[in-house]
>>> print(open('query.cif').read())   # mmCIF, C-alpha atoms
data_target
loop_
_atom_site.group_PDB
_atom_site.id
_atom_site.type_symbol
_atom_site.label_atom_id
_atom_site.label_comp_id
_atom_site.auth_asym_id
_atom_site.auth_seq_id
_atom_site.Cartn_x
_atom_site.Cartn_y
_atom_site.Cartn_z
ATOM 1 C CA LYS D 36 82.680 115.942 80.275
ATOM 2 C CA VAL D 37 82.812 112.653 82.153
ATOM 3 C CA ILE D 38 80.260 111.724 84.790
ATOM 4 C CA SER D 39 80.893 108.929 87.252
ATOM 5 C CA SER D 40 79.403 107.522 90.414
ATOM 6 C CA SER D 41 81.585 106.304 93.227
ATOM 7 C CA GLY D 42 81.884 105.376 96.853
ATOM 8 C CA GLY D 43 85.106 107.399 96.686
ATOM 9 C CA ASN D 44 88.001 105.412 95.263
ATOM 10 C CA ALA D 45 86.806 105.099 91.658
ATOM 11 C CA GLY D 46 85.946 108.786 91.665
ATOM 12 C CA LEU D 47 89.502 109.616 92.689
ATOM 13 C CA ALA D 48 90.808 107.541 89.775
ATOM 14 C CA VAL D 49 88.465 109.156 87.226
ATOM 15 C CA THR D 50 89.279 112.646 88.473
ATOM 16 C CA THR D 51 93.027 112.008 88.427
ATOM 17 C CA VAL D 52 92.877 110.929 84.784
ATOM 18 C CA ALA D 53 90.376 113.581 83.664
ATOM 19 C CA ARG D 54 92.408 116.476 85.030
ATOM 20 C CA ASN D 55 95.271 115.461 82.715
ATOM 21 C CA ILE D 56 93.030 115.742 79.636
ATOM 22 C CA PRO D 57 92.788 119.331 78.331
ATOM 23 C CA GLN D 58 89.353 120.951 78.717
ATOM 24 C CA MET D 59 87.871 117.829 80.316
ATOM 25 C CA ASP D 60 85.429 118.428 83.153
ATOM 26 C CA VAL D 61 84.472 115.675 85.592
ATOM 27 C CA SER D 62 81.445 115.230 87.817
ATOM 28 C CA VAL D 63 81.364 112.584 90.535
ATOM 29 C CA ILE D 64 78.170 111.617 92.347
ATOM 30 C CA VAL D 65 78.795 109.974 95.709
ATOM 31 C CA PRO D 66 76.333 108.573 98.274
ATOM 32 C CA GLU D 67 75.696 110.097 101.675
ATOM 33 C CA THR D 68 77.899 107.434 103.291
ATOM 34 C CA THR D 69 81.031 108.836 101.622
ATOM 35 C CA LYS D 70 83.478 110.233 104.151
ATOM 36 C CA PRO D 71 83.963 114.044 104.142
ATOM 37 C CA LEU D 72 87.713 113.515 103.717
ATOM 38 C CA VAL D 73 87.093 111.748 100.396
ATOM 39 C CA VAL D 74 84.669 114.434 99.215
ATOM 40 C CA GLU D 75 87.210 117.163 99.961
ATOM 41 C CA LYS D 76 89.956 115.200 98.216
ATOM 42 C CA LEU D 77 87.804 114.858 95.097
ATOM 43 C CA ARG D 78 87.082 118.571 95.072
ATOM 44 C CA SER D 79 90.728 119.431 95.612
ATOM 45 C CA LEU D 80 91.557 117.406 92.495
ATOM 46 C CA GLY D 81 89.087 119.459 90.466
ATOM 47 C CA ALA D 82 85.961 117.298 90.481
ATOM 48 C CA GLU D 83 82.455 118.691 90.751
ATOM 49 C CA VAL D 84 81.064 116.555 93.587
ATOM 50 C CA THR D 85 77.394 115.913 94.247
ATOM 51 C CA ILE D 86 76.258 113.967 97.314
ATOM 52 C CA HIS D 87 73.122 111.976 96.584
ATOM 53 C CA GLY D 88 71.391 108.832 97.856
ATOM 54 C CA LYS D 89 71.701 106.433 100.757
ATOM 55 C CA ASN D 90 73.981 104.065 98.845
ATOM 56 C CA TRP D 91 76.102 103.853 95.701
ATOM 57 C CA ASN D 92 73.256 102.507 93.537
ATOM 58 C CA GLU D 93 71.169 105.618 94.172
ATOM 59 C CA ALA D 94 74.145 107.830 93.341
ATOM 60 C CA ASP D 95 74.765 105.803 90.191
ATOM 61 C CA ALA D 96 71.152 106.191 89.050
ATOM 62 C CA LEU D 97 71.547 109.972 89.200
ATOM 63 C CA ALA D 98 74.840 109.809 87.281
ATOM 64 C CA ARG D 99 73.207 107.806 84.479
ATOM 65 C CA GLN D 100 70.245 110.197 84.434
ATOM 66 C CA TRP D 101 72.579 113.178 84.022
ATOM 67 C CA VAL D 102 74.332 111.512 81.088
ATOM 68 C CA ASP D 103 71.001 110.723 79.412
ATOM 69 C CA ASP D 104 69.804 114.293 79.951
ATOM 70 C CA ALA D 105 73.038 115.674 78.494
ATOM 71 C CA LYS D 106 72.726 113.505 75.389
ATOM 72 C CA LYS D 107 69.108 114.570 74.850
ATOM 73 C CA SER D 108 70.158 118.212 75.007
ATOM 74 C CA GLY D 109 73.063 117.667 72.615
ATOM 75 C CA GLY D 110 75.763 117.629 75.274
ATOM 76 C CA GLY D 111 78.898 115.497 75.177
ATOM 77 C CA ALA D 112 78.797 113.843 78.587
ATOM 78 C CA VAL D 113 80.098 110.276 78.935
ATOM 79 C CA TYR D 114 79.271 107.870 81.740
ATOM 80 C CA VAL D 115 82.211 106.122 83.423
ATOM 81 C CA SER D 116 81.324 103.092 85.527
ATOM 82 C CA PRO D 117 83.364 102.520 88.684
ATOM 83 C CA TYR D 118 83.484 98.769 88.037
ATOM 84 C CA ASP D 119 81.255 97.464 85.231
ATOM 85 C CA ASN D 120 83.396 97.852 82.114
ATOM 86 C CA PRO D 121 85.630 95.293 80.315
ATOM 87 C CA LEU D 122 88.385 97.901 79.925
ATOM 88 C CA LEU D 123 88.580 98.239 83.703
ATOM 89 C CA TRP D 124 88.699 94.465 84.122
ATOM 90 C CA THR D 125 91.590 94.134 81.676
ATOM 91 C CA GLY D 126 93.433 96.882 83.512
ATOM 92 C CA HIS D 127 92.922 95.098 86.833
ATOM 93 C CA SER D 128 94.038 91.809 85.261
ATOM 94 C CA THR D 129 97.616 93.053 84.903
ATOM 95 C CA VAL D 130 97.925 92.738 88.699
ATOM 96 C CA ILE D 131 98.154 88.972 88.163
ATOM 97 C CA ASP D 132 100.855 89.441 85.505
ATOM 98 C CA GLU D 133 102.893 91.522 87.950
ATOM 99 C CA ILE D 134 102.404 89.041 90.800
ATOM 100 C CA ILE D 135 103.586 86.148 88.642
ATOM 101 C CA THR D 136 106.642 88.074 87.442
ATOM 102 C CA GLN D 137 107.604 89.067 90.996
ATOM 103 C CA LEU D 138 107.168 85.541 92.345
ATOM 104 C CA LEU D 139 109.310 84.126 89.552
ATOM 105 C CA GLU D 140 112.034 86.702 90.217
ATOM 106 C CA GLN D 141 112.009 86.026 93.950
ATOM 107 C CA SER D 142 112.128 82.253 93.521
ATOM 108 C CA PHE D 143 114.969 82.208 90.976
ATOM 109 C CA ASP D 144 117.975 80.295 92.319
ATOM 110 C CA GLN D 145 121.208 81.933 91.176
ATOM 111 C CA THR D 146 123.194 78.755 91.907
ATOM 112 C CA THR D 147 121.112 76.329 89.864
ATOM 113 C CA GLN D 148 119.840 78.994 87.456
ATOM 114 C CA GLN D 149 116.381 77.530 87.920
ATOM 115 C CA THR D 150 113.110 78.657 89.443
ATOM 116 C CA ASN D 151 112.126 76.933 92.652
ATOM 117 C CA ASN D 152 108.796 75.157 92.802
ATOM 118 C CA ILE D 153 106.183 77.775 93.741
ATOM 119 C CA LYS D 154 102.481 78.201 93.266
ATOM 120 C CA ILE D 155 99.844 80.812 93.957
ATOM 121 C CA GLY D 156 97.590 79.012 96.374
ATOM 122 C CA ALA D 157 94.993 81.734 96.846
ATOM 123 C CA VAL D 158 94.248 85.280 95.757
ATOM 124 C CA LEU D 159 92.118 87.220 98.227
ATOM 125 C CA ALA D 160 90.268 90.309 97.042
ATOM 126 C CA SER D 161 87.644 92.609 98.473
ATOM 127 C CA VAL D 162 84.497 92.736 96.373
ATOM 128 C CA GLY D 163 82.156 95.680 95.927
ATOM 129 C CA GLY D 164 80.654 95.650 92.446
ATOM 130 C CA GLY D 165 83.045 92.975 91.194
ATOM 131 C CA GLY D 166 85.355 94.923 88.878
ATOM 132 C CA LEU D 167 88.604 93.978 90.617
ATOM 133 C CA LEU D 168 87.533 90.345 90.916
ATOM 134 C CA CYS D 169 86.643 90.236 87.212
ATOM 135 C CA GLY D 170 90.166 91.434 86.449
ATOM 136 C CA ILE D 171 91.817 88.929 88.761
ATOM 137 C CA LEU D 172 89.929 86.057 87.145
ATOM 138 C CA GLU D 173 90.785 87.392 83.684
ATOM 139 C CA GLY D 174 94.481 87.597 84.560
ATOM 140 C CA ILE D 175 94.531 84.049 85.913
ATOM 141 C CA GLU D 176 92.733 82.701 82.856
ATOM 142 C CA ARG D 177 95.026 84.540 80.433
ATOM 143 C CA ASN D 178 98.151 83.142 82.061
ATOM 144 C CA TYR D 179 96.583 79.706 82.510
ATOM 145 C CA HIS D 180 96.071 79.423 78.743
ATOM 146 C CA GLY D 181 99.116 81.488 77.755
ATOM 147 C CA PRO D 182 102.221 80.352 75.872
ATOM 148 C CA SER D 183 104.457 80.203 78.972
ATOM 149 C CA GLU D 184 104.217 76.827 80.696
ATOM 150 C CA ILE D 185 105.971 78.089 83.822
ATOM 151 C CA ARG D 186 103.500 80.975 84.231
ATOM 152 C CA SER D 187 100.583 78.656 83.509
ATOM 153 C CA LYS D 188 101.782 76.167 86.098
ATOM 154 C CA LEU D 189 102.132 78.902 88.709
ATOM 155 C CA VAL D 190 98.430 79.874 88.513
ATOM 156 C CA ARG D 191 97.064 76.381 87.923
ATOM 157 C CA GLY D 192 94.901 75.377 90.864
ATOM 158 C CA THR D 193 94.569 78.915 92.232
ATOM 159 C CA LYS D 194 91.748 79.490 94.675
ATOM 160 C CA VAL D 195 90.157 82.919 94.443
ATOM 161 C CA ILE D 196 88.620 84.195 97.681
ATOM 162 C CA ALA D 197 85.947 86.890 97.337
ATOM 163 C CA CYS D 198 85.963 88.891 100.582
ATOM 164 C CA GLU D 199 83.043 90.984 101.824
ATOM 165 C CA THR D 200 81.538 92.258 105.044
ATOM 166 C CA GLU D 201 78.159 91.356 106.467
ATOM 167 C CA GLY D 202 75.675 93.942 105.291
ATOM 168 C CA ALA D 203 77.482 94.462 101.967
ATOM 169 C CA ALA D 204 77.807 90.877 100.738
ATOM 170 C CA SER D 205 76.171 91.219 97.319
ATOM 171 C CA PHE D 206 78.623 88.800 95.668
ATOM 172 C CA ALA D 207 77.932 86.074 98.225
ATOM 173 C CA ALA D 208 74.189 86.512 97.783
ATOM 174 C CA SER D 209 74.390 86.027 94.002
ATOM 175 C CA PHE D 210 77.164 83.428 93.925
ATOM 176 C CA ASN D 211 75.358 81.218 96.417
ATOM 177 C CA SER D 212 71.870 81.659 94.951
ATOM 178 C CA ASP D 213 70.216 78.424 93.847
ATOM 179 C CA ASP D 214 69.581 79.529 90.264
ATOM 180 C CA GLY D 215 72.686 81.679 89.834
ATOM 181 C CA SER D 216 70.639 84.859 89.393
ATOM 182 C CA ILE D 217 71.876 88.283 90.433
ATOM 183 C CA VAL D 218 70.578 89.184 93.879
ATOM 184 C CA ARG D 219 70.087 92.822 94.776
ATOM 185 C CA LEU D 220 70.415 93.671 98.454
ATOM 186 C CA ASP D 221 67.749 95.864 100.026
ATOM 187 C CA GLY D 222 70.461 98.216 101.219
ATOM 188 C CA ILE D 223 73.982 98.463 102.618
ATOM 189 C CA ASN D 224 74.491 98.009 106.341
ATOM 190 C CA SER D 225 78.235 97.895 106.833
ATOM 191 C CA ILE D 226 81.024 100.185 107.881
ATOM 192 C CA ALA D 227 82.844 99.168 104.675
ATOM 193 C CA THR D 228 80.998 101.727 102.553
ATOM 194 C CA SER D 229 83.409 101.352 99.626
ATOM 195 C CA LEU D 230 81.947 97.866 99.135
ATOM 196 C CA GLY D 231 78.489 99.395 98.966
ATOM 197 C CA ALA D 232 77.093 98.089 95.671
ATOM 198 C CA THR D 233 73.742 96.410 96.284
ATOM 199 C CA SER D 234 74.407 94.051 93.352
ATOM 200 C CA VAL D 235 77.477 92.871 91.461
ATOM 201 C CA THR D 236 78.056 92.844 87.723
ATOM 202 C CA PRO D 237 76.735 89.588 86.173
ATOM 203 C CA ALA D 238 80.157 89.097 84.576
ATOM 204 C CA VAL D 239 81.827 88.408 87.930
ATOM 205 C CA ILE D 240 79.418 85.547 88.667
ATOM 206 C CA GLN D 241 79.915 84.112 85.182
ATOM 207 C CA ARG D 242 83.711 84.306 85.436
ATOM 208 C CA SER D 243 83.747 82.883 88.952
ATOM 209 C CA LYS D 244 81.695 79.871 87.930
ATOM 210 C CA ARG D 245 83.903 79.362 84.846
ATOM 211 C CA HIS D 246 86.995 79.364 87.047
ATOM 212 C CA ARG D 247 85.405 76.860 89.421
ATOM 213 C CA ASP D 248 84.198 74.664 86.523
ATOM 214 C CA ARG D 249 87.703 74.591 85.027
ATOM 215 C CA GLY D 250 89.058 73.280 88.299
ATOM 216 C CA GLU D 251 86.435 70.568 88.505
ATOM 217 C CA ILE D 252 86.889 69.467 84.878
ATOM 218 C CA SER D 253 90.695 69.416 84.983
ATOM 219 C CA ASN D 254 90.888 68.317 88.631
ATOM 220 C CA SER D 255 93.500 71.043 89.092
ATOM 221 C CA GLY D 256 91.964 72.590 92.187
ATOM 222 C CA ASP D 257 90.938 75.940 90.708
ATOM 223 C CA ASP D 258 88.099 77.254 92.817
ATOM 224 C CA VAL D 259 86.247 80.346 93.975
ATOM 225 C CA ASP D 260 85.042 80.769 97.525
ATOM 226 C CA SER D 261 83.110 83.487 99.296
ATOM 227 C CA TYR D 262 84.276 84.737 102.691
ATOM 228 C CA VAL D 263 82.008 87.093 104.613
ATOM 229 C CA CYS D 264 83.452 88.724 107.720
ATOM 230 C CA THR D 265 81.917 90.973 110.342
ATOM 231 C CA ASP D 266 82.657 94.689 110.456
ATOM 232 C CA SER D 267 84.627 94.019 113.640
ATOM 233 C CA GLU D 268 86.824 91.442 111.883
ATOM 234 C CA ALA D 269 87.445 93.872 109.014
ATOM 235 C CA VAL D 270 88.419 96.693 111.372
ATOM 236 C CA LEU D 271 90.605 94.353 113.425
ATOM 237 C CA GLY D 272 92.373 93.358 110.220
ATOM 238 C CA CYS D 273 93.050 97.032 109.473
ATOM 239 C CA VAL D 274 94.413 97.668 112.964
ATOM 240 C CA GLN D 275 96.676 94.632 113.020
ATOM 241 C CA PHE D 276 97.883 95.306 109.474
ATOM 242 C CA SER D 277 98.827 98.856 110.475
ATOM 243 C CA THR D 278 100.724 97.486 113.466
ATOM 244 C CA ASP D 279 102.578 94.946 111.341
ATOM 245 C CA HIS D 280 103.290 97.094 108.276
ATOM 246 C CA ARG D 281 102.775 100.731 109.295
ATOM 247 C CA MET D 282 100.134 101.158 106.603
ATOM 248 C CA LEU D 283 96.579 102.239 107.378
ATOM 249 C CA VAL D 284 93.820 100.981 105.085
ATOM 250 C CA GLU D 285 90.034 101.317 105.154
ATOM 251 C CA PRO D 286 87.576 98.610 106.299
ATOM 252 C CA ALA D 287 86.804 97.685 102.675
ATOM 253 C CA CYS D 288 90.419 96.523 102.453
ATOM 254 C CA GLY D 289 90.136 94.992 105.905
ATOM 255 C CA ALA D 290 87.622 92.510 104.494
ATOM 256 C CA SER D 291 90.426 90.820 102.547
ATOM 257 C CA LEU D 292 92.805 91.052 105.517
ATOM 258 C CA ALA D 293 90.326 89.378 107.869
ATOM 259 C CA PRO D 294 91.067 85.847 106.578
ATOM 260 C CA LEU D 295 94.645 86.288 107.813
ATOM 261 C CA TYR D 296 93.967 87.992 111.128
ATOM 262 C CA SER D 297 90.692 86.374 112.168
ATOM 263 C CA ASP D 298 91.160 82.963 113.793
ATOM 264 C CA ARG D 299 87.779 81.864 112.432
ATOM 265 C CA LEU D 300 88.569 82.662 108.796
ATOM 266 C CA ARG D 301 92.297 81.879 108.927
ATOM 267 C CA THR D 302 91.599 78.289 109.918
ATOM 268 C CA LYS D 303 89.234 77.956 106.979
ATOM 269 C CA LEU D 304 91.795 79.436 104.574
ATOM 270 C CA LEU D 305 94.728 77.302 105.726
ATOM 271 C CA ASP D 306 92.638 74.166 105.374
ATOM 272 C CA GLN D 307 92.335 74.966 101.660
ATOM 273 C CA LEU D 308 96.073 75.416 101.033
ATOM 274 C CA THR D 309 99.170 73.232 100.911
ATOM 275 C CA ASP D 310 102.584 74.058 102.386
ATOM 276 C CA ASN D 311 104.225 75.319 99.159
ATOM 277 C CA GLU D 312 101.403 77.657 98.134
ATOM 278 C CA ASP D 313 101.503 81.423 98.573
ATOM 279 C CA SER D 314 98.513 83.641 99.297
ATOM 280 C CA VAL D 315 98.223 87.034 97.668
ATOM 281 C CA ILE D 316 95.968 89.831 98.933
#
>>> encode(input="query.cif", output="structure tokens")
Amino acid sequence: KVISSSGGNAGLAVTTVARNIPQMDVSVIVPETTKPLVVEKLRSLGAEVTIHGKNWNEADALARQWVDDAKKSGGGAVYVSPYDNPLLWTGHSTVIDEIITQLLEQSFDQTTQQTNNIKIGAVLASVGGGGLLCGILEGIERNYHGPSEIRSKLVRGTKVIACETEGAASFAASFNSDDGSIVRLDGINSIATSLGATSVTPAVIQRSKRHRDRGEISNSGDDVDSYVCTDSEAVLGCVQFSTDHRMLVEPACGASLAPLYSDRLRTKLLDQLTDNEDSVI
């Protein structure tokens, strides 16, 4: 049996995988802020869903307690973190591999048989507990130091933008702390409930600072910045994105769309980029 905690999305992933493993049961503990639609979707996929706690951290504490209790009684339950596991980070890191491959394919000039000069200027990602951001930084670092000079050059100088909403900005609190310690928020006060971890994994702060330090040492421009938008800016990003692309996403995703659709944040972002750099969300 696998036991996981989730604001919704990670639980869907765990349940989808677990149902394809013979005789594997899955329990997902979600906080009270989880939308009923997500709870019903989890149950329809075969998960045993328990609603507990005001935020994800309280749900996670119960999940860990259940695993400990199962082990003490001789059970075979395994805890699956929604974000704090190196295997998850490596899985997320392949997003960067795919982005690089697609950009190289799109920029290939059939006439000259050469790749046009392109660069990833910025990667914008929503941050909850920091799992996705850990993977993005891992993917950039792997390609930066990899054997392919063209792939290394494409990511060299990349700015990584950690996007959060006010009331759920646990990354910003830790990243901007004077001593670099992990800051735990008192609670989550944002409509973007999927970003509702009151603290991030220490690994994401370590990797972010390493990425920034590499840019300073090599003078290549690699950097990490924290953007915190309002709930209104996140929702506006969702609405305008749906108008532009006919795709509806939740406010947690809207946090990383806000730098494009919000005049306040877009000005800040464009000031950090040059004309030949692409942004990836």
>>> atom_distance(input="query.cif", atom1="atom CA of Ala293 of chain D", atom2="atom CA of Ala207 of chain D")
16.0 Å
>>> atom_distance(input="query.cif", atom1="atom CA of Val113 of chain D", atom2="atom CA of Ser40 of chain D")
11.8 Å
>>> residues_around(input="query.cif", residues="Phe210 of chain D", least_positions_apart="4", cutoff="7 Å", atoms="all atoms listed in the file", output="list in words")
Phe206, Gly215 and Ile240 of chain D
>>> write_last_selection(input="query.cif", atoms="C-alpha atoms", output="short mmCIF file (atom, residue, chain, number, x, y, z; two decimals), in the coordinates of the input")
data_model
loop_
_atom_site.label_atom_id
_atom_site.label_comp_id
_atom_site.auth_asym_id
_atom_site.auth_seq_id
_atom_site.Cartn_x
_atom_site.Cartn_y
_atom_site.Cartn_z
CA PHE D 206 78.62 88.80 95.67
CA GLY D 215 72.69 81.68 89.83
CA ILE D 240 79.42 85.55 88.67
#
>>> resolve_selection(input="query.cif", expression="the PyMOL selection byres ((chain D and resi 198) around 6)", output="ChimeraX atom specification")
/D:160-162,197,199,262-263,290-291
>>> closest_residue(input="query.cif", among="D:Val259, D:Val195, D:Ile134, D:Leu271", to="Asp298 of chain D", atoms="all atoms listed in the file")
D:Leu271
>>> resolve_selection(input="query.cif", expression="the PyMOL selection byres ((chain D and resi 247) around 6)", output="JSON list (two decimals) with C-alpha atoms, keeping the file's coordinate frame")
[["chain", "number", "residue", "atom", "x", "y", "z"],
["D", 244, "LYS", "CA", 81.69, 79.87, 87.93],
["D", 245, "ARG", "CA", 83.90, 79.36, 84.85],
["D", 246, "HIS", "CA", 87.00, 79.36, 87.05],
["D", 248, "ASP", "CA", 84.20, 74.66, 86.52],
["D", 249, "ARG", "CA", 87.70, 74.59, 85.03],
["D", 250, "GLY", "CA", 89.06, 73.28, 88.30],
["D", 257, "ASP", "CA", 90.94, 75.94, 90.71],
["D", 258, "ASP", "CA", 88.10, 77.25, 92.82],
["D", 259, "VAL", "CA", 86.25, 80.35, 93.98]]
>>> resolve_selection(input="query.cif", expression="the PyMOL selection byres ((chain D and resi 86-97) around 7)", output="JSON, numbers by chain")
{"D": [40, 41, 42, 64, 65, 66, 67, 68, 84, 85, 98, 99, 100, 101, 223, 231, 232, 233]}
>>> atom_distance(input="query.cif", atom1="atom CA of Ala238 of chain D", atom2="atom CA of Ser225 of chain D")
24.0 Å
>>> residues_near_point(input="query.cif", point="(92.1, 92.4, 109.1)", cutoff="6 Å", atoms="only C-alpha atoms", output="ChimeraX atom specification")
/D:269,271-273,289,292-293,296
>>> residues_near_point(input="query.cif", point="(76.5, 92.1, 92.7)", cutoff="6 Å", atoms="all atoms listed in the file", output="ChimeraX atom specification")
/D:164,205-206,234-236
>>> residues_around(input="query.cif", residues="segment 168-182 of chain D", least_positions_apart="3", cutoff="8 Å", atoms="only C-alpha atoms", output="PyMOL selection string")
chain D and resi 123-132+160-162+165+186-188+190-191+195+197+238-239+242-243+246
>>> write_last_selection(input="query.cif", atoms="C-alpha atoms", output="PDB file, in the frame of the given file")
ATOM      1  CA  LEU D 123      88.580  98.239  83.703  1.00  0.00           C
ATOM      2  CA  TRP D 124      88.699  94.465  84.122  1.00  0.00           C
ATOM      3  CA  THR D 125      91.590  94.134  81.676  1.00  0.00           C
ATOM      4  CA  GLY D 126      93.433  96.882  83.512  1.00  0.00           C
ATOM      5  CA  HIS D 127      92.922  95.098  86.833  1.00  0.00           C
ATOM      6  CA  SER D 128      94.038  91.809  85.261  1.00  0.00           C
ATOM      7  CA  THR D 129      97.616  93.053  84.903  1.00  0.00           C
ATOM      8  CA  VAL D 130      97.925  92.738  88.699  1.00  0.00           C
ATOM      9  CA  ILE D 131      98.154  88.972  88.163  1.00  0.00           C
ATOM     10  CA  ASP D 132     100.855  89.441  85.505  1.00  0.00           C
ATOM     11  CA  ALA D 160      90.268  90.309  97.042  1.00  0.00           C
ATOM     12  CA  SER D 161      87.644  92.609  98.473  1.00  0.00           C
ATOM     13  CA  VAL D 162      84.497  92.736  96.373  1.00  0.00           C
ATOM     14  CA  GLY D 165      83.045  92.975  91.194  1.00  0.00           C
ATOM     15  CA  ARG D 186     103.500  80.975  84.231  1.00  0.00           C
ATOM     16  CA  SER D 187     100.583  78.656  83.509  1.00  0.00           C
ATOM     17  CA  LYS D 188     101.782  76.167  86.098  1.00  0.00           C
ATOM     18  CA  VAL D 190      98.430  79.874  88.513  1.00  0.00           C
ATOM     19  CA  ARG D 191      97.064  76.381  87.923  1.00  0.00           C
ATOM     20  CA  VAL D 195      90.157  82.919  94.443  1.00  0.00           C
ATOM     21  CA  ALA D 197      85.947  86.890  97.337  1.00  0.00           C
ATOM     22  CA  ALA D 238      80.157  89.097  84.576  1.00  0.00           C
ATOM     23  CA  VAL D 239      81.827  88.408  87.930  1.00  0.00           C
ATOM     24  CA  ARG D 242      83.711  84.306  85.436  1.00  0.00           C
ATOM     25  CA  SER D 243      83.747  82.883  88.952  1.00  0.00           C
ATOM     26  CA  HIS D 246      86.995  79.364  87.047  1.00  0.00           C
TER      27      HIS D 246
END
>>> residues_around(input="query.cif", residues="Val52 of chain D", least_positions_apart="2", cutoff="12 Å", atoms="all atoms listed in the file", output="list in words")
Val37, Ala45, Gly46, Leu47, Ala48, Val49, Thr50, Arg54, Asn55, Ile56, Pro57, Met59, Asp60, Val61, Leu80, Gly81, Ala82 and Val115 of chain D
>>> closest_residue(input="query.cif", among="D:Gly202, D:Gly43, D:Gly111, D:Pro71", to="Asp221 of chain D", atoms="only C-alpha atoms")
D:Gly202
>>> residues_around(input="query.cif", residues="Gly256 of chain D", least_positions_apart="4", cutoff="7 Å", atoms="only C-alpha atoms", output="JSON, numbers by chain")
{"D": [192, 193, 250, 251]}
>>> residues_around(input="query.cif", residues="Gln307 of chain D", least_positions_apart="4", cutoff="9 Å", atoms="all atoms listed in the file", output="PyMOL selection string")
chain D and resi 156-157+194+302-303
>>> axis_aligned_box(input="query.cif", around="segment 167-181 of chain D", padding_each_side="5 Å", output="JSON")
{"center_x": 92.9, "center_y": 86.7, "center_z": 84.3, "size_x": 22.5, "size_y": 24.6, "size_z": 23.2}
>>> closest_residue(input="query.cif", among="D:Val315, D:Asp306, D:Ser116, D:Gly110", to="Leu138 of chain D", atoms="only C-alpha atoms")
D:Val315
>>> closest_residue(input="query.cif", among="D:Leu230, D:Cys264, D:Leu159, D:Leu189", to="Glu201 of chain D", atoms="all atoms listed in the file")
D:Cys264
>>> decode(input="query.cif", residues="segment 39-52 of chain D", atoms="N, CA and C atoms", output="compact mmCIF listing (two decimals), in the first residue's frame")
# COMPACT_ATOMS: atom_id res chain seq x y z
N SER D 39 0.03 8.76 0.47
CA SER D 39 0.58 10.04 0.05
C SER D 39 -0.31 11.17 0.54
N SER D 40 0.29 12.32 0.66
CA SER D 40 -0.47 13.54 0.96
C SER D 40 -0.42 14.42 -0.27
N SER D 41 -1.44 15.24 -0.44
CA SER D 41 -1.48 16.03 -1.67
C SER D 41 -2.50 17.15 -1.56
N GLY D 42 -2.23 18.21 -2.31
CA GLY D 42 -3.23 19.25 -2.50
C GLY D 42 -4.17 18.86 -3.63
N GLY D 43 -3.85 17.75 -4.31
CA GLY D 43 -4.68 17.24 -5.39
C GLY D 43 -3.89 16.65 -6.54
N ASN D 44 -2.99 17.44 -7.13
CA ASN D 44 -2.31 17.00 -8.34
C ASN D 44 -1.37 15.81 -8.11
N ALA D 45 -0.56 15.87 -7.06
CA ALA D 45 0.36 14.77 -6.78
C ALA D 45 -0.41 13.49 -6.46
N GLY D 46 -1.53 13.65 -5.77
CA GLY D 46 -2.37 12.50 -5.46
C GLY D 46 -2.90 11.83 -6.71
N LEU D 47 -3.27 12.65 -7.70
CA LEU D 47 -3.74 12.09 -8.97
C LEU D 47 -2.63 11.29 -9.65
N ALA D 48 -1.39 11.79 -9.58
CA ALA D 48 -0.27 11.09 -10.19
C ALA D 48 0.00 9.76 -9.49
N VAL D 49 0.03 9.78 -8.15
CA VAL D 49 0.28 8.56 -7.38
C VAL D 49 -0.81 7.52 -7.65
N THR D 50 -2.05 7.96 -7.66
CA THR D 50 -3.16 7.04 -7.87
C THR D 50 -3.13 6.45 -9.28
N THR D 51 -2.80 7.26 -10.26
CA THR D 51 -2.73 6.78 -11.64
C THR D 51 -1.69 5.68 -11.79
N VAL D 52 -0.54 5.86 -11.14
CA VAL D 52 0.51 4.84 -11.21
C VAL D 52 0.13 3.61 -10.40
